Amino acid sequence: MMRLILMVTLLLTVACSNKQGNEAPTNKQTPVDLIAVLDTIWRTEQGPITLRDSLMEIYGADSKEVQAQQEIYKKNHLVNEEKVKTILDKYGWPTKEMIGEQGNWTICNVIQHSDNDVRIKYLPMMRKAVKDEKLEPRFLVRAEDRIATEKGELQIYGGQMKYYPETKTFNVWPVYDPVNIDKRRAEIGLEPIAEFLKNRFDFEWNLEEQIKRTKEFELKRSKAKK
């Protein structure tokens, strides 16, 4: 009788072990070091960019010093992009409790620096994250404007700047309906475009100039389609 009881107990133990081993991990099972991973991604992604931009003011955009930092950034970005894609594909968009606000900024920063197909792939996830209050709208806006500019279309919220080699200056990528851009930005909780550009890029917004640039952009696109 005792032998029978021991055999039954052993079989039940093995069955329970197999059941636990076959259970698929859920999205809630997050690695303890996720914040540490994202901190490393931020430093390796943003460090060369910050140094590059500082050197640009000293040596110019086409200098060897600037190009050296650009190469470091590009190499680091390829690694960081794979890490971010792995996180999103495995866990979905993490909560702020899981990664903090800086973690959100890091993920969005890497997506922003990626090719358009990557941004387009994760755009629905970003939209849902905003709806679920996991992500601030300003991060979604940056992605949507970047997608538009990469497609050669007018941006909506005015967050994308471009370096124009012919004039060796930066300017806002042409904007859809510049007159009402502040209305659109206010609807999603963003500051006026002039304030944003001044604080972010030390760039002066000139409405009349941007209206002219938008008309020229649309005319050029219209001719290209014919």
# chains A, B, ... in the order shown; residues from 1 in each chain; ligands from 1
$ select_by_dssp --residues "stretch 33-170 of chain A" --states "strand (DSSP E)" --output "VMD selection string"
chain A and resid 161 to 164 169 to 170
$ residues_around --residues "stretch 136-140 of chain A" --least-positions-apart "4" --cutoff "8 Å" --atoms "only C-alpha atoms" --output "list in words"
Trp105, Cys108, Leu123, Met126, Arg127, Val130, Glu144, Ile188, Gly189 and Leu190 of chain A
$ atom_distance --atom1 "atom CA of A:Val110" --atom2 "atom CA of A:Ala186"
25.8 Å
$ closest_atom_pairs --of "stretch 36-107 of chain A" --to "stretch 159-182 of chain A" --cutoff "10 Å" --atoms "only C-alpha atoms" --output "tab-separated table"
residue	atom	partner	partner_atom	distance
A:Gly60	CA	A:Lys168	CA	9.2
A:Ala61	CA	A:Lys168	CA	8.2
A:Asp62	CA	A:Pro165	CA	9.5
$ write_last_selection --atoms "C-alpha atoms" --output "PDB file, in the first residue's frame"
ATOM      1  CA  GLY A  60      30.564  72.433 -39.553  1.00  0.00           C
ATOM      2  CA  ALA A  61      28.199  69.696 -40.717  1.00  0.00           C
ATOM      3  CA  ASP A  62      30.589  68.296 -43.324  1.00  0.00           C
TER       4      ASP A  62
END
$ residues_around --residues "A:Gly103" --least-positions-apart "6" --cutoff "9 Å" --atoms "only C-alpha atoms" --output "list in words"
Leu34, Ile35, Leu38, Asp39, Trp42, Pro94 and Lys96 of chain A
$ write_last_selection --atoms "C-alpha atoms" --output "PDB file, in the first residue's frame"
ATOM      1  CA  LEU A  34      14.612  46.044 -18.644  1.00  0.00           C
ATOM      2  CA  ILE A  35      15.224  49.563 -17.314  1.00  0.00           C
ATOM      3  CA  LEU A  38      16.984  50.848 -21.964  1.00  0.00           C
ATOM      4  CA  ASP A  39      19.434  53.044 -20.049  1.00  0.00           C
ATOM      5  CA  TRP A  42      19.830  55.650 -24.461  1.00  0.00           C
ATOM      6  CA  PRO A  94       5.602  48.401 -21.707  1.00  0.00           C
ATOM      7  CA  LYS A  96       5.397  53.355 -17.353  1.00  0.00           C
TER       8      LYS A  96
END
$ select_by_dssp --residues "chain A" --states "alpha helix (DSSP H)" --output "ChimeraX atom specification"
/A:2-22,34-59,64-91,96-113,116-131,137-150,181-187,193-201,207-225
$ closest_residue --among "A:Gly92, A:Ile58, A:Asn76, A:Ile87" --to "A:Asp33" --atoms "only C-alpha atoms"
A:Ile87
$ atom_distance --atom1 "atom CA of A:Gly47" --atom2 "atom CA of A:Ile107"
15.1 Å
$ closest_residue --among "A:Ile211, A:Asn80, A:Pro48, A:Ser222" --to "A:Gln67" --atoms "only C-alpha atoms"
A:Pro48
$ atom_distance --atom1 "atom CA of A:Leu154" --atom2 "atom CA of A:Arg142"
13.3 Å
$ residues_around --residues "A:Gln70" --least-positions-apart "4" --cutoff "12 Å" --atoms "only C-alpha atoms" --output "number ranges by chain"
A: 45-53, 55-56, 61-66, 74-77
$ write_last_selection --atoms "N, CA and C atoms" --output "PDB file, in the first residue's frame"
ATOM      1  N   GLU A  45      22.851  55.411 -27.952  1.00  0.00           N
ATOM      2  CA  GLU A  45      22.122  56.014 -29.080  1.00  0.00           C
ATOM      3  C   GLU A  45      22.290  57.527 -29.099  1.00  0.00           C
ATOM      4  N   GLN A  46      22.096  58.142 -27.933  1.00  0.00           N
ATOM      5  CA  GLN A  46      22.040  59.592 -27.874  1.00  0.00           C
ATOM      6  C   GLN A  46      23.402  60.240 -27.666  1.00  0.00           C
ATOM      7  N   GLY A  47      24.336  59.524 -27.027  1.00  0.00           N
ATOM      8  CA  GLY A  47      25.662  60.090 -26.771  1.00  0.00           C
ATOM      9  C   GLY A  47      26.368  60.599 -28.012  1.00  0.00           C
ATOM     10  N   PRO A  48      26.520  59.745 -29.049  1.00  0.00           N
ATOM     11  CA  PRO A  48      27.176  60.200 -30.268  1.00  0.00           C
ATOM     12  C   PRO A  48      26.421  61.325 -30.982  1.00  0.00           C
ATOM     13  N   ILE A  49      25.098  61.325 -30.868  1.00  0.00           N
ATOM     14  CA  ILE A  49      24.297  62.374 -31.505  1.00  0.00           C
ATOM     15  C   ILE A  49      24.566  63.720 -30.840  1.00  0.00           C
ATOM     16  N   THR A  50      24.574  63.719 -29.506  1.00  0.00           N
ATOM     17  CA  THR A  50      24.827  64.955 -28.763  1.00  0.00           C
ATOM     18  C   THR A  50      26.211  65.505 -29.080  1.00  0.00           C
ATOM     19  N   LEU A  51      27.208  64.618 -29.091  1.00  0.00           N
ATOM     20  CA  LEU A  51      28.573  65.040 -29.396  1.00  0.00           C
ATOM     21  C   LEU A  51      28.676  65.505 -30.845  1.00  0.00           C
ATOM     22  N   ARG A  52      28.037  64.800 -31.748  1.00  0.00           N
ATOM     23  CA  ARG A  52      28.031  65.177 -33.164  1.00  0.00           C
ATOM     24  C   ARG A  52      27.481  66.580 -33.370  1.00  0.00           C
ATOM     25  N   ASP A  53      26.341  66.864 -32.722  1.00  0.00           N
ATOM     26  CA  ASP A  53      25.711  68.174 -32.887  1.00  0.00           C
ATOM     27  C   ASP A  53      26.558  69.289 -32.283  1.00  0.00           C
ATOM     28  N   LEU A  55      29.876  69.214 -32.096  1.00  0.00           N
ATOM     29  CA  LEU A  55      31.011  69.382 -33.018  1.00  0.00           C
ATOM     30  C   LEU A  55      30.586  70.102 -34.291  1.00  0.00           C
ATOM     31  N   MET A  56      29.318  69.921 -34.661  1.00  0.00           N
ATOM     32  CA  MET A  56      28.811  70.570 -35.867  1.00  0.00           C
ATOM     33  C   MET A  56      28.862  72.090 -35.741  1.00  0.00           C
ATOM     34  N   ALA A  61      28.897  70.962 -40.507  1.00  0.00           N
ATOM     35  CA  ALA A  61      28.199  69.696 -40.717  1.00  0.00           C
ATOM     36  C   ALA A  61      28.987  68.707 -41.563  1.00  0.00           C
ATOM     37  N   ASP A  62      29.860  69.185 -42.420  1.00  0.00           N
ATOM     38  CA  ASP A  62      30.589  68.296 -43.324  1.00  0.00           C
ATOM     39  C   ASP A  62      31.987  67.943 -42.829  1.00  0.00           C
ATOM     40  N   SER A  63      32.316  68.289 -41.603  1.00  0.00           N
ATOM     41  CA  SER A  63      33.655  68.062 -41.080  1.00  0.00           C
ATOM     42  C   SER A  63      33.901  66.579 -40.765  1.00  0.00           C
ATOM     43  N   LYS A  64      35.162  66.188 -40.727  1.00  0.00           N
ATOM     44  CA  LYS A  64      35.516  64.800 -40.414  1.00  0.00           C
ATOM     45  C   LYS A  64      35.161  64.460 -38.965  1.00  0.00           C
ATOM     46  N   GLU A  65      35.234  65.439 -38.079  1.00  0.00           N
ATOM     47  CA  GLU A  65      34.875  65.210 -36.686  1.00  0.00           C
ATOM     48  C   GLU A  65      33.405  64.821 -36.545  1.00  0.00           C
ATOM     49  N   VAL A  66      32.570  65.536 -37.280  1.00  0.00           N
ATOM     50  CA  VAL A  66      31.137  65.249 -37.257  1.00  0.00           C
ATOM     51  C   VAL A  66      30.850  63.891 -37.894  1.00  0.00           C
ATOM     52  N   LYS A  74      25.575  55.419 -36.118  1.00  0.00           N
ATOM     53  CA  LYS A  74      24.935  54.475 -37.043  1.00  0.00           C
ATOM     54  C   LYS A  74      25.208  53.031 -36.630  1.00  0.00           C
ATOM     55  N   LYS A  75      26.440  52.758 -36.208  1.00  0.00           N
ATOM     56  CA  LYS A  75      26.806  51.420 -35.762  1.00  0.00           C
ATOM     57  C   LYS A  75      26.034  51.042 -34.500  1.00  0.00           C
ATOM     58  N   ASN A  76      25.966  51.967 -33.547  1.00  0.00           N
ATOM     59  CA  ASN A  76      25.242  51.707 -32.302  1.00  0.00           C
ATOM     60  C   ASN A  76      23.748  51.533 -32.547  1.00  0.00           C
ATOM     61  N   HIS A  77      23.222  52.327 -33.476  1.00  0.00           N
ATOM     62  CA  HIS A  77      21.777  52.294 -33.723  1.00  0.00           C
ATOM     63  C   HIS A  77      21.314  50.927 -34.219  1.00  0.00           C
TER      64      HIS A  77
END
$ closest_residue --among "A:Lys151, A:Gln102, A:Glu57, A:Tyr157" --to "A:Phe196" --atoms "only C-alpha atoms"
A:Tyr157
$ residues_around --residues "A:Ile111" --least-positions-apart "5" --cutoff "8 Å" --atoms "only C-alpha atoms" --output "PyMOL selection string"
chain A and resi 81+118-119+143
$ closest_residue --among "A:Leu135, A:Leu207, A:Ile120, A:Ala129" --to "A:Glu150" --atoms "only C-alpha atoms"
A:Ile120
$ closest_residue --among "A:Tyr59, A:Asn199, A:Trp93, A:Leu78" --to "A:Lys128" --atoms "only C-alpha atoms"
A:Trp93
